[in-house]
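Below: protein13.txt (compact mmCIF, N, CA and C atoms)
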```txt
# COMPACT_ATOMS: atom_id res chain seq x y z
N MET A 289 93.78 -66.99 28.73
CA MET A 289 93.28 -66.92 27.37
C MET A 289 94.45 -66.93 26.39
N VAL A 290 94.32 -67.68 25.33
CA VAL A 290 95.37 -67.78 24.33
C VAL A 290 95.15 -66.69 23.29
N GLU A 291 96.20 -65.95 22.98
CA GLU A 291 96.10 -64.85 22.02
C GLU A 291 96.12 -65.38 20.59
N LYS A 292 95.58 -64.57 19.69
CA LYS A 292 95.44 -64.98 18.29
C LYS A 292 96.77 -65.37 17.66
N GLU A 293 97.83 -64.62 17.92
CA GLU A 293 99.13 -64.97 17.33
C GLU A 293 99.67 -66.26 17.91
N GLN A 294 99.41 -66.51 19.20
CA GLN A 294 99.80 -67.80 19.80
C GLN A 294 99.06 -68.94 19.12
N ILE A 295 97.77 -68.73 18.85
CA ILE A 295 96.98 -69.75 18.18
C ILE A 295 97.56 -70.05 16.81
N ARG A 296 97.89 -69.02 16.06
CA ARG A 296 98.46 -69.22 14.72
C ARG A 296 99.78 -69.99 14.79
N GLU A 297 100.62 -69.66 15.77
CA GLU A 297 101.90 -70.36 15.91
C GLU A 297 101.68 -71.82 16.31
N LEU A 298 100.72 -72.07 17.19
CA LEU A 298 100.41 -73.45 17.56
C LEU A 298 99.90 -74.24 16.35
N ILE A 299 99.08 -73.61 15.53
CA ILE A 299 98.57 -74.27 14.32
C ILE A 299 99.75 -74.61 13.40
N ARG A 300 100.63 -73.66 13.16
CA ARG A 300 101.78 -73.91 12.28
C ARG A 300 102.63 -75.07 12.82
N THR A 301 102.84 -75.07 14.11
CA THR A 301 103.65 -76.11 14.73
C THR A 301 102.97 -77.47 14.63
N ALA A 302 101.67 -77.52 14.91
CA ALA A 302 100.94 -78.78 14.83
C ALA A 302 100.94 -79.34 13.40
N VAL A 303 100.77 -78.47 12.43
CA VAL A 303 100.78 -78.91 11.03
C VAL A 303 102.13 -79.52 10.68
N LYS A 304 103.22 -78.91 11.14
CA LYS A 304 104.56 -79.45 10.87
C LYS A 304 104.71 -80.85 11.46
N GLN A 305 104.10 -81.07 12.60
CA GLN A 305 104.24 -82.36 13.28
C GLN A 305 103.59 -83.51 12.51
N THR A 306 102.63 -83.22 11.66
CA THR A 306 101.99 -84.30 10.90
C THR A 306 103.02 -85.02 10.02
N ALA A 307 104.07 -84.35 9.63
CA ALA A 307 105.10 -84.97 8.79
C ALA A 307 105.82 -86.10 9.51
N TYR A 308 105.82 -86.09 10.84
CA TYR A 308 106.52 -87.10 11.62
C TYR A 308 105.62 -88.28 11.99
N SER A 309 104.34 -88.21 11.69
CA SER A 309 103.42 -89.29 12.03
C SER A 309 103.89 -90.61 11.44
N TYR A 310 103.74 -91.67 12.22
CA TYR A 310 104.02 -93.02 11.75
C TYR A 310 102.66 -93.70 11.60
N VAL A 311 102.15 -93.72 10.37
CA VAL A 311 100.78 -94.17 10.13
C VAL A 311 100.69 -95.15 8.95
N PRO A 312 101.41 -96.27 8.99
CA PRO A 312 101.38 -97.19 7.87
C PRO A 312 100.05 -97.91 7.68
N TYR A 313 99.17 -97.88 8.67
CA TYR A 313 97.91 -98.62 8.60
C TYR A 313 96.73 -97.74 8.23
N SER A 314 96.60 -96.60 8.87
CA SER A 314 95.44 -95.74 8.59
C SER A 314 95.73 -94.65 7.57
N GLY A 315 96.97 -94.19 7.51
CA GLY A 315 97.31 -93.07 6.63
C GLY A 315 96.81 -91.74 7.16
N PHE A 316 96.22 -91.73 8.35
CA PHE A 316 95.65 -90.51 8.94
C PHE A 316 96.70 -89.88 9.85
N ARG A 317 97.27 -88.78 9.40
CA ARG A 317 98.33 -88.09 10.13
C ARG A 317 97.75 -87.05 11.08
N VAL A 318 98.25 -87.04 12.31
CA VAL A 318 97.80 -86.07 13.30
C VAL A 318 99.02 -85.41 13.93
N GLY A 319 98.94 -84.10 14.10
CA GLY A 319 99.98 -83.35 14.78
C GLY A 319 99.38 -82.55 15.92
N ALA A 320 100.17 -82.35 16.96
CA ALA A 320 99.70 -81.59 18.12
C ALA A 320 100.80 -80.65 18.59
N ALA A 321 100.38 -79.50 19.09
CA ALA A 321 101.29 -78.53 19.72
C ALA A 321 100.66 -78.12 21.04
N LEU A 322 101.33 -78.44 22.12
CA LEU A 322 100.83 -78.23 23.48
C LEU A 322 101.56 -77.06 24.12
N LEU A 323 100.82 -76.03 24.52
CA LEU A 323 101.39 -74.84 25.15
C LEU A 323 101.35 -74.99 26.66
N ALA A 324 102.53 -75.02 27.27
CA ALA A 324 102.62 -75.08 28.73
C ALA A 324 102.47 -73.67 29.29
N GLN A 325 102.08 -73.60 30.55
CA GLN A 325 101.92 -72.30 31.18
C GLN A 325 103.24 -71.55 31.29
N ASN A 326 104.37 -72.26 31.22
CA ASN A 326 105.67 -71.59 31.27
C ASN A 326 106.09 -71.04 29.90
N GLY A 327 105.23 -71.20 28.88
CA GLY A 327 105.51 -70.68 27.56
C GLY A 327 106.14 -71.66 26.59
N CYS A 328 106.61 -72.79 27.09
CA CYS A 328 107.20 -73.81 26.21
C CYS A 328 106.12 -74.54 25.43
N VAL A 329 106.48 -74.97 24.23
CA VAL A 329 105.56 -75.73 23.39
C VAL A 329 106.12 -77.14 23.22
N TYR A 330 105.30 -78.13 23.50
CA TYR A 330 105.66 -79.54 23.34
C TYR A 330 104.87 -80.09 22.17
N THR A 331 105.54 -80.87 21.34
CA THR A 331 104.90 -81.35 20.13
C THR A 331 104.66 -82.85 20.19
N GLY A 332 103.77 -83.29 19.31
CA GLY A 332 103.50 -84.71 19.21
C GLY A 332 102.91 -85.07 17.87
N CYS A 333 103.08 -86.33 17.51
CA CYS A 333 102.45 -86.88 16.31
C CYS A 333 101.87 -88.24 16.70
N ASN A 334 100.98 -88.76 15.87
CA ASN A 334 100.44 -90.07 16.17
C ASN A 334 101.41 -91.15 15.69
N ILE A 335 101.43 -92.25 16.45
CA ILE A 335 102.35 -93.35 16.18
C ILE A 335 101.54 -94.65 16.24
N GLU A 336 101.36 -95.28 15.09
CA GLU A 336 100.57 -96.50 15.01
C GLU A 336 101.44 -97.73 15.26
N ASN A 337 100.76 -98.84 15.52
CA ASN A 337 101.41 -100.11 15.78
C ASN A 337 100.55 -101.21 15.15
N ALA A 338 101.18 -102.24 14.62
CA ALA A 338 100.45 -103.33 13.98
C ALA A 338 99.45 -103.99 14.92
N ALA A 339 99.72 -103.96 16.21
CA ALA A 339 98.81 -104.54 17.19
C ALA A 339 97.71 -103.56 17.62
N TYR A 340 97.69 -102.38 17.05
CA TYR A 340 96.71 -101.31 17.29
C TYR A 340 96.70 -100.76 18.72
N THR A 341 96.49 -101.60 19.73
CA THR A 341 96.38 -101.09 21.10
C THR A 341 97.60 -100.28 21.53
N PRO A 342 98.83 -100.66 21.18
CA PRO A 342 99.98 -99.86 21.61
C PRO A 342 100.14 -98.54 20.85
N SER A 343 99.25 -98.23 19.93
CA SER A 343 99.34 -96.96 19.20
C SER A 343 99.19 -95.80 20.17
N ASN A 344 99.70 -94.64 19.79
CA ASN A 344 99.60 -93.46 20.64
C ASN A 344 99.21 -92.25 19.83
N CYS A 345 98.27 -91.49 20.35
CA CYS A 345 97.79 -90.29 19.67
C CYS A 345 98.79 -89.14 19.80
N ALA A 346 98.70 -88.19 18.89
CA ALA A 346 99.59 -87.02 18.91
C ALA A 346 99.45 -86.23 20.20
N GLU A 347 98.23 -86.08 20.67
CA GLU A 347 97.99 -85.29 21.87
C GLU A 347 98.68 -85.90 23.07
N ARG A 348 98.52 -87.21 23.24
CA ARG A 348 99.16 -87.87 24.38
C ARG A 348 100.68 -87.87 24.23
N THR A 349 101.17 -87.99 23.01
CA THR A 349 102.62 -87.91 22.81
C THR A 349 103.15 -86.58 23.33
N ALA A 350 102.47 -85.48 23.00
CA ALA A 350 102.89 -84.15 23.46
C ALA A 350 102.82 -84.05 24.99
N PHE A 351 101.72 -84.51 25.57
CA PHE A 351 101.59 -84.46 27.03
C PHE A 351 102.67 -85.29 27.71
N PHE A 352 102.91 -86.50 27.21
CA PHE A 352 103.88 -87.37 27.85
C PHE A 352 105.30 -86.81 27.73
N LYS A 353 105.60 -86.17 26.60
CA LYS A 353 106.91 -85.52 26.45
C LYS A 353 107.07 -84.43 27.51
N ALA A 354 106.04 -83.61 27.66
CA ALA A 354 106.11 -82.51 28.63
C ALA A 354 106.23 -83.05 30.06
N VAL A 355 105.38 -83.98 30.41
CA VAL A 355 105.39 -84.51 31.77
C VAL A 355 106.72 -85.20 32.06
N SER A 356 107.28 -85.88 31.06
CA SER A 356 108.57 -86.57 31.27
C SER A 356 109.71 -85.57 31.51
N GLU A 357 109.46 -84.29 31.22
CA GLU A 357 110.44 -83.24 31.47
C GLU A 357 110.06 -82.39 32.67
N GLY A 358 109.05 -82.85 33.44
CA GLY A 358 108.68 -82.18 34.68
C GLY A 358 107.64 -81.08 34.54
N VAL A 359 107.06 -80.92 33.37
CA VAL A 359 106.06 -79.87 33.14
C VAL A 359 104.67 -80.48 33.25
N THR A 360 103.83 -79.88 34.10
CA THR A 360 102.49 -80.43 34.32
C THR A 360 101.38 -79.39 34.30
N LYS A 361 101.69 -78.16 33.90
CA LYS A 361 100.68 -77.11 33.85
C LYS A 361 100.59 -76.58 32.42
N PHE A 362 99.37 -76.58 31.86
CA PHE A 362 99.20 -76.28 30.45
C PHE A 362 98.08 -75.29 30.21
N SER A 363 98.21 -74.55 29.11
CA SER A 363 97.23 -73.53 28.74
C SER A 363 96.36 -73.94 27.56
N ALA A 364 96.98 -74.62 26.56
CA ALA A 364 96.24 -74.90 25.32
C ALA A 364 96.92 -76.01 24.54
N ILE A 365 96.15 -76.62 23.66
CA ILE A 365 96.69 -77.57 22.70
C ILE A 365 96.01 -77.33 21.36
N CYS A 366 96.79 -77.47 20.31
CA CYS A 366 96.24 -77.41 18.96
C CYS A 366 96.37 -78.80 18.35
N VAL A 367 95.30 -79.27 17.72
CA VAL A 367 95.29 -80.59 17.10
C VAL A 367 94.84 -80.43 15.65
N VAL A 368 95.63 -81.01 14.75
CA VAL A 368 95.27 -81.03 13.32
C VAL A 368 95.44 -82.44 12.81
N GLY A 369 94.72 -82.79 11.76
CA GLY A 369 94.90 -84.12 11.20
C GLY A 369 94.16 -84.29 9.90
N GLY A 370 94.59 -85.30 9.14
CA GLY A 370 93.92 -85.60 7.88
C GLY A 370 94.58 -86.77 7.16
N MET A 371 93.84 -87.36 6.24
CA MET A 371 94.36 -88.48 5.46
C MET A 371 95.57 -88.02 4.66
N ASP A 372 96.63 -88.79 4.77
CA ASP A 372 97.89 -88.49 4.07
C ASP A 372 98.40 -87.07 4.36
N GLY A 373 98.00 -86.52 5.50
CA GLY A 373 98.46 -85.20 5.90
C GLY A 373 97.70 -84.05 5.27
N VAL A 374 96.65 -84.35 4.52
CA VAL A 374 95.84 -83.29 3.91
C VAL A 374 94.73 -82.92 4.90
N LEU A 375 94.78 -81.70 5.39
CA LEU A 375 93.82 -81.25 6.39
C LEU A 375 92.56 -80.75 5.70
N THR A 376 91.46 -81.47 5.90
CA THR A 376 90.20 -81.09 5.26
C THR A 376 89.08 -80.84 6.25
N GLU A 377 89.23 -81.34 7.48
CA GLU A 377 88.23 -81.12 8.51
C GLU A 377 88.90 -81.19 9.87
N TYR A 378 88.18 -80.80 10.91
CA TYR A 378 88.74 -80.81 12.26
C TYR A 378 88.97 -82.25 12.71
N ALA A 379 90.00 -82.45 13.51
CA ALA A 379 90.34 -83.76 14.05
C ALA A 379 90.31 -83.66 15.58
N PRO A 380 89.15 -83.79 16.19
CA PRO A 380 89.05 -83.64 17.64
C PRO A 380 89.74 -84.79 18.38
N PRO A 381 90.19 -84.52 19.60
CA PRO A 381 90.85 -85.55 20.39
C PRO A 381 89.91 -86.70 20.73
N CYS A 382 90.47 -87.90 20.79
CA CYS A 382 89.68 -89.07 21.18
C CYS A 382 89.38 -88.99 22.68
N GLY A 383 88.56 -89.88 23.16
CA GLY A 383 88.19 -89.90 24.57
C GLY A 383 89.36 -90.12 25.51
N VAL A 384 90.30 -90.98 25.13
CA VAL A 384 91.47 -91.23 25.98
C VAL A 384 92.30 -89.96 26.11
N CYS A 385 92.50 -89.24 25.01
CA CYS A 385 93.26 -87.99 25.06
C CYS A 385 92.55 -86.95 25.90
N ARG A 386 91.24 -86.88 25.79
CA ARG A 386 90.48 -85.93 26.62
C ARG A 386 90.66 -86.26 28.10
N GLN A 387 90.69 -87.56 28.41
CA GLN A 387 90.89 -87.96 29.81
C GLN A 387 92.28 -87.57 30.29
N VAL A 388 93.29 -87.72 29.46
CA VAL A 388 94.65 -87.29 29.84
C VAL A 388 94.66 -85.78 30.07
N MET A 389 93.97 -85.03 29.24
CA MET A 389 93.89 -83.59 29.43
C MET A 389 93.26 -83.26 30.78
N MET A 390 92.23 -84.02 31.17
CA MET A 390 91.58 -83.78 32.47
C MET A 390 92.56 -83.97 33.63
N GLU A 391 93.53 -84.83 33.46
CA GLU A 391 94.49 -85.09 34.52
C GLU A 391 95.36 -83.87 34.81
N PHE A 392 95.69 -83.10 33.78
CA PHE A 392 96.67 -82.03 33.92
C PHE A 392 96.13 -80.62 33.69
N CYS A 393 94.90 -80.48 33.24
CA CYS A 393 94.41 -79.17 32.81
C CYS A 393 93.13 -78.77 33.53
N ASP A 394 92.98 -77.49 33.72
CA ASP A 394 91.73 -76.96 34.28
C ASP A 394 90.70 -76.98 33.16
N PRO A 395 89.65 -77.78 33.28
CA PRO A 395 88.68 -77.90 32.19
C PRO A 395 87.94 -76.61 31.86
N GLU A 396 87.91 -75.68 32.81
CA GLU A 396 87.23 -74.41 32.57
C GLU A 396 88.08 -73.43 31.76
N THR A 397 89.39 -73.60 31.77
CA THR A 397 90.25 -72.63 31.10
C THR A 397 91.14 -73.21 30.00
N PHE A 398 91.40 -74.51 30.03
CA PHE A 398 92.29 -75.11 29.04
C PHE A 398 91.64 -75.05 27.67
N ALA A 399 92.37 -74.50 26.70
CA ALA A 399 91.85 -74.31 25.34
C ALA A 399 92.28 -75.46 24.43
N VAL A 400 91.32 -76.01 23.70
CA VAL A 400 91.58 -77.02 22.69
C VAL A 400 91.28 -76.39 21.34
N ILE A 401 92.33 -76.23 20.54
CA ILE A 401 92.20 -75.58 19.24
C ILE A 401 92.16 -76.66 18.17
N LEU A 402 91.09 -76.70 17.41
CA LEU A 402 90.96 -77.62 16.29
C LEU A 402 91.08 -76.80 15.03
N ALA A 403 91.98 -77.20 14.12
CA ALA A 403 92.26 -76.34 12.97
C ALA A 403 92.41 -77.14 11.69
N VAL A 404 92.10 -76.46 10.61
CA VAL A 404 92.39 -76.94 9.26
C VAL A 404 93.48 -76.05 8.66
N SER A 405 93.50 -74.78 9.09
CA SER A 405 94.49 -73.82 8.63
C SER A 405 94.56 -72.69 9.66
N GLU A 406 95.43 -71.73 9.41
CA GLU A 406 95.54 -70.58 10.31
C GLU A 406 94.28 -69.72 10.28
N GLU A 407 93.51 -69.82 9.23
CA GLU A 407 92.29 -69.04 9.11
C GLU A 407 91.04 -69.83 9.51
N ASP A 408 91.12 -71.14 9.45
CA ASP A 408 89.97 -72.02 9.71
C ASP A 408 90.24 -72.84 10.96
N TYR A 409 89.80 -72.33 12.10
CA TYR A 409 89.98 -73.04 13.36
C TYR A 409 88.86 -72.67 14.33
N GLN A 410 88.70 -73.52 15.35
CA GLN A 410 87.76 -73.25 16.43
C GLN A 410 88.46 -73.53 17.74
N VAL A 411 88.11 -72.76 18.76
CA VAL A 411 88.69 -72.94 20.08
C VAL A 411 87.58 -73.37 21.04
N PHE A 412 87.85 -74.45 21.76
CA PHE A 412 86.91 -74.99 22.75
C PHE A 412 87.60 -75.04 24.10
N ARG A 413 86.82 -74.91 25.17
CA ARG A 413 87.33 -75.21 26.50
C ARG A 413 87.22 -76.73 26.68
N LEU A 414 88.14 -77.30 27.42
CA LEU A 414 88.11 -78.75 27.64
C LEU A 414 86.75 -79.20 28.17
N GLU A 415 86.14 -78.42 29.05
CA GLU A 415 84.85 -78.82 29.62
C GLU A 415 83.76 -78.93 28.54
N GLU A 416 83.92 -78.23 27.44
CA GLU A 416 82.95 -78.36 26.34
C GLU A 416 83.11 -79.69 25.61
N LEU A 417 84.34 -80.19 25.57
CA LEU A 417 84.61 -81.45 24.88
C LEU A 417 84.47 -82.66 25.79
N LEU A 418 84.53 -82.43 27.09
CA LEU A 418 84.39 -83.51 28.06
C LEU A 418 83.57 -83.02 29.25
N PRO A 419 82.26 -82.84 29.02
CA PRO A 419 81.42 -82.35 30.13
C PRO A 419 81.36 -83.40 31.24
N LYS A 420 81.35 -82.91 32.45
CA LYS A 420 81.29 -83.80 33.62
C LYS A 420 82.47 -84.76 33.66
N GLY A 421 83.63 -84.29 33.19
CA GLY A 421 84.82 -85.13 33.14
C GLY A 421 85.29 -85.54 34.54
N PHE A 422 85.91 -86.70 34.61
CA PHE A 422 86.47 -87.23 35.85
C PHE A 422 87.93 -86.84 35.94
N GLY A 423 88.30 -86.16 37.01
CA GLY A 423 89.67 -85.71 37.16
C GLY A 423 90.16 -85.86 38.58
N PRO A 424 91.36 -85.35 38.85
CA PRO A 424 91.95 -85.48 40.18
C PRO A 424 91.03 -84.96 41.31
N GLY A 425 90.26 -83.93 41.02
CA GLY A 425 89.36 -83.37 42.02
C GLY A 425 88.29 -84.35 42.49
N ASN A 426 87.97 -85.32 41.66
CA ASN A 426 86.97 -86.31 42.04
C ASN A 426 87.49 -87.27 43.13
N LEU A 427 88.80 -87.32 43.28
CA LEU A 427 89.39 -88.23 44.25
C LEU A 427 89.81 -87.53 45.54
N ALA A 428 89.54 -86.24 45.60
CA ALA A 428 89.94 -85.46 46.79
C ALA A 428 88.97 -85.66 47.93
```
Represent the structure of the file as structure tokens.
Amino acid sequence: MVEKEQIRELIRTAVKQTAYSYVPYSGFRVGAALLAQNGCVYTGCNIENAAYTPSNCAERTAFFKAVSEGVTKFSAICVVGGMDGVLTEYAPPCGVCRQVMMEFCDPETFAVILAVSEEDYQVFRLEELLPKGFGPGNLA
């Protein structure tokens, strides 16, 4: 379980990451802060591309950074986003990001924090956002 102060710190970190977003096409900035079970936090922002398909979401950027450093066990992720970096509503992960989360996270315990501010947030378990998700256990 993620503690309230950890949630607030993840929100602050995710909000800071929106400043690094490369979004010349949509203007929709997204930041993510991924908490590993070892206590480290990996960050990400969304990165757009003129060809669209090579674009990468903030959540996947954070996961790929962590995995590229040998970390594969995670407790929570905070995701924030908004037009021109103005957070006005929750920015839930897309389906591809949810699938990446299924690869590395226990859907029953992994927390997905959607926030507009430190006071306005909701916490979901991955299984709530991706019921009946397909993961490594399906191939065992």
Margin query: When DSSP is applied to the backbone of this structure, which of range 314-417 of chain A are assigned strand (DSSP E or B)? Write them out as a VMD selection string.
Written below: chain A and resid 316 to 324 329 to 333 335 344 362 to 371 399 to 403 409 to 413
Discussion item. Taking 3 positions as the minimum chain separation for residues in the same chain, which residues sit within 12 Å of Glu297 in chain A when counting only C-alpha atoms? Answer as a PyMOL selection string.
Written reply: chain A and resi 290-294+300-304+320-323+329+364-366+401+403+405-407
With N, CA and C atoms kept, could you save the residues just selected as a compact mmCIF listing (two decimals), in the frame of the given file?
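So the final result, stored in part.txt, reads:
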```txt
# COMPACT_ATOMS: atom_id res chain seq x y z
N VAL A 290 94.32 -67.68 25.33
CA VAL A 290 95.37 -67.78 24.33
C VAL A 290 95.15 -66.69 23.29
N GLU A 291 96.20 -65.95 22.98
CA GLU A 291 96.10 -64.85 22.02
C GLU A 291 96.12 -65.38 20.59
N LYS A 292 95.58 -64.57 19.69
CA LYS A 292 95.44 -64.98 18.29
C LYS A 292 96.77 -65.37 17.66
N GLU A 293 97.83 -64.62 17.92
CA GLU A 293 99.13 -64.97 17.33
C GLU A 293 99.67 -66.26 17.91
N GLN A 294 99.41 -66.51 19.20
CA GLN A 294 99.80 -67.80 19.80
C GLN A 294 99.06 -68.94 19.12
N ARG A 300 100.63 -73.66 13.16
CA ARG A 300 101.78 -73.91 12.28
C ARG A 300 102.63 -75.07 12.82
N THR A 301 102.84 -75.07 14.11
CA THR A 301 103.65 -76.11 14.73
C THR A 301 102.97 -77.47 14.63
N ALA A 302 101.67 -77.52 14.91
CA ALA A 302 100.94 -78.78 14.83
C ALA A 302 100.94 -79.34 13.40
N VAL A 303 100.77 -78.47 12.43
CA VAL A 303 100.78 -78.91 11.03
C VAL A 303 102.13 -79.52 10.68
N LYS A 304 103.22 -78.91 11.14
CA LYS A 304 104.56 -79.45 10.87
C LYS A 304 104.71 -80.85 11.46
N ALA A 320 100.17 -82.35 16.96
CA ALA A 320 99.70 -81.59 18.12
C ALA A 320 100.80 -80.65 18.59
N ALA A 321 100.38 -79.50 19.09
CA ALA A 321 101.29 -78.53 19.72
C ALA A 321 100.66 -78.12 21.04
N LEU A 322 101.33 -78.44 22.12
CA LEU A 322 100.83 -78.23 23.48
C LEU A 322 101.56 -77.06 24.12
N LEU A 323 100.82 -76.03 24.52
CA LEU A 323 101.39 -74.84 25.15
C LEU A 323 101.35 -74.99 26.66
N VAL A 329 106.48 -74.97 24.23
CA VAL A 329 105.56 -75.73 23.39
C VAL A 329 106.12 -77.14 23.22
N ALA A 364 96.98 -74.62 26.56
CA ALA A 364 96.24 -74.90 25.32
C ALA A 364 96.92 -76.01 24.54
N ILE A 365 96.15 -76.62 23.66
CA ILE A 365 96.69 -77.57 22.70
C ILE A 365 96.01 -77.33 21.36
N CYS A 366 96.79 -77.47 20.31
CA CYS A 366 96.24 -77.41 18.96
C CYS A 366 96.37 -78.80 18.35
N ILE A 401 92.33 -76.23 20.54
CA ILE A 401 92.20 -75.58 19.24
C ILE A 401 92.16 -76.66 18.17
N ALA A 403 91.98 -77.20 14.12
CA ALA A 403 92.26 -76.34 12.97
C ALA A 403 92.41 -77.14 11.69
N SER A 405 93.50 -74.78 9.09
CA SER A 405 94.49 -73.82 8.63
C SER A 405 94.56 -72.69 9.66
N GLU A 406 95.43 -71.73 9.41
CA GLU A 406 95.54 -70.58 10.31
C GLU A 406 94.28 -69.72 10.28
N GLU A 407 93.51 -69.82 9.23
CA GLU A 407 92.29 -69.04 9.11
C GLU A 407 91.04 -69.83 9.51
```
Write out as an mmCIF file with N, CA and C atoms, in the coordinates of the input all residues of range 331-419 of chain A that backbone DSSP assigns to helix (DSSP H, G or I).
```cif
data_model
loop_
_atom_site.group_PDB
_atom_site.id
_atom_site.type_symbol
_atom_site.label_atom_id
_atom_site.label_comp_id
_atom_site.auth_asym_id
_atom_site.auth_seq_id
_atom_site.Cartn_x
_atom_site.Cartn_y
_atom_site.Cartn_z
ATOM 1 N N ALA A 346 98.700 -88.190 18.890
ATOM 2 C CA ALA A 346 99.590 -87.020 18.910
ATOM 3 C C ALA A 346 99.450 -86.230 20.200
ATOM 4 N N GLU A 347 98.230 -86.080 20.670
ATOM 5 C CA GLU A 347 97.990 -85.290 21.870
ATOM 6 C C GLU A 347 98.680 -85.900 23.070
ATOM 7 N N ARG A 348 98.520 -87.210 23.240
ATOM 8 C CA ARG A 348 99.160 -87.870 24.380
ATOM 9 C C ARG A 348 100.680 -87.870 24.230
ATOM 10 N N THR A 349 101.170 -87.990 23.010
ATOM 11 C CA THR A 349 102.620 -87.910 22.810
ATOM 12 C C THR A 349 103.150 -86.580 23.330
ATOM 13 N N ALA A 350 102.470 -85.480 23.000
ATOM 14 C CA ALA A 350 102.890 -84.150 23.460
ATOM 15 C C ALA A 350 102.820 -84.050 24.990
ATOM 16 N N PHE A 351 101.720 -84.510 25.570
ATOM 17 C CA PHE A 351 101.590 -84.460 27.030
ATOM 18 C C PHE A 351 102.670 -85.290 27.710
ATOM 19 N N PHE A 352 102.910 -86.500 27.210
ATOM 20 C CA PHE A 352 103.880 -87.370 27.850
ATOM 21 C C PHE A 352 105.300 -86.810 27.730
ATOM 22 N N LYS A 353 105.600 -86.170 26.600
ATOM 23 C CA LYS A 353 106.910 -85.520 26.450
ATOM 24 C C LYS A 353 107.070 -84.430 27.510
ATOM 25 N N ALA A 354 106.040 -83.610 27.660
ATOM 26 C CA ALA A 354 106.110 -82.510 28.630
ATOM 27 C C ALA A 354 106.230 -83.050 30.060
ATOM 28 N N VAL A 355 105.380 -83.980 30.410
ATOM 29 C CA VAL A 355 105.390 -84.510 31.770
ATOM 30 C C VAL A 355 106.720 -85.200 32.060
ATOM 31 N N SER A 356 107.280 -85.880 31.060
ATOM 32 C CA SER A 356 108.570 -86.570 31.270
ATOM 33 C C SER A 356 109.710 -85.570 31.510
ATOM 34 N N GLY A 383 88.560 -89.880 23.160
ATOM 35 C CA GLY A 383 88.190 -89.900 24.570
ATOM 36 C C GLY A 383 89.360 -90.120 25.510
ATOM 37 N N VAL A 384 90.300 -90.980 25.130
ATOM 38 C CA VAL A 384 91.470 -91.230 25.980
ATOM 39 C C VAL A 384 92.300 -89.960 26.110
ATOM 40 N N CYS A 385 92.500 -89.240 25.010
ATOM 41 C CA CYS A 385 93.260 -87.990 25.060
ATOM 42 C C CYS A 385 92.550 -86.950 25.900
ATOM 43 N N ARG A 386 91.240 -86.880 25.790
ATOM 44 C CA ARG A 386 90.480 -85.930 26.620
ATOM 45 C C ARG A 386 90.660 -86.260 28.100
ATOM 46 N N GLN A 387 90.690 -87.560 28.410
ATOM 47 C CA GLN A 387 90.890 -87.960 29.810
ATOM 48 C C GLN A 387 92.280 -87.570 30.290
ATOM 49 N N VAL A 388 93.290 -87.720 29.460
ATOM 50 C CA VAL A 388 94.650 -87.290 29.840
ATOM 51 C C VAL A 388 94.660 -85.780 30.070
ATOM 52 N N MET A 389 93.970 -85.030 29.240
ATOM 53 C CA MET A 389 93.890 -83.590 29.430
ATOM 54 C C MET A 389 93.260 -83.260 30.780
ATOM 55 N N MET A 390 92.230 -84.020 31.170
ATOM 56 C CA MET A 390 91.580 -83.780 32.470
ATOM 57 C C MET A 390 92.560 -83.970 33.630
ATOM 58 N N GLU A 391 93.530 -84.830 33.460
ATOM 59 C CA GLU A 391 94.490 -85.090 34.520
ATOM 60 C C GLU A 391 95.360 -83.870 34.810
ATOM 61 N N PHE A 392 95.690 -83.100 33.780
ATOM 62 C CA PHE A 392 96.670 -82.030 33.920
ATOM 63 C C PHE A 392 96.130 -80.620 33.690
ATOM 64 N N LEU A 414 88.140 -77.300 27.420
ATOM 65 C CA LEU A 414 88.110 -78.750 27.640
ATOM 66 C C LEU A 414 86.750 -79.200 28.170
ATOM 67 N N GLU A 415 86.140 -78.420 29.050
ATOM 68 C CA GLU A 415 84.850 -78.820 29.620
ATOM 69 C C GLU A 415 83.760 -78.930 28.540
ATOM 70 N N GLU A 416 83.920 -78.230 27.440
ATOM 71 C CA GLU A 416 82.950 -78.360 26.340
ATOM 72 C C GLU A 416 83.110 -79.690 25.610
ATOM 73 N N LEU A 417 84.340 -80.190 25.570
ATOM 74 C CA LEU A 417 84.610 -81.450 24.880
ATOM 75 C C LEU A 417 84.470 -82.660 25.790
#
```
One decimal place gives the CA of Ala354 in chain A-CA of Tyr330 in chain A separation as 6.1 Å
With distances taken over only C-alpha atoms, the candidate from A:Glu347, A:Asp372, A:Glu391, A:Glu357 nearest Leu427 in chain A is A:Glu391
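Ranking A:Tyr308, A:Pro381, A:Glu396, A:Ile335 by their shortest atom-to-atom distance to Gly421 in chain A, with only C-alpha atoms included, puts A:Glu396 first.
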> What lies within 5 Å of Val400 in chain A using all atoms listed in the file, ignoring chain neighbours under 4 positions off, as a list in words?
Replying inline: Ile365, Val411, Phe412 and Arg413 of chain A
With distances taken over all atoms listed in the file, the candidate from A:Met371, A:Tyr378, A:Phe316, A:Val359 nearest Gln410 in chain A is A:Tyr378
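For the atom pair formed by CA of Asn326 in chain A and atom C of Tyr409 in chain A, the distance is 23.9 Å, given to one decimal.
CA of Thr331 in chain A is positioned 13.5 Å from atom C of Ser363 in chain A.
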Residue with the minimum atom-to-atom distance to Ala399 in chain A, picked from A:Met289, A:Val318, A:Val368, A:Pro342 with all atoms listed in the file counted, is A:Met289
Using only C-alpha atoms, the residue out of A:Phe352, A:Phe398, A:Phe362, A:Tyr340 with shortest distance to Val311 in chain A is A:Tyr340
The residue from A:Gly319, A:Pro395, A:Pro419, A:Pro312 with the smallest atom-to-atom distance to Gly332 in chain A, counting all atoms listed in the file, is A:Gly319
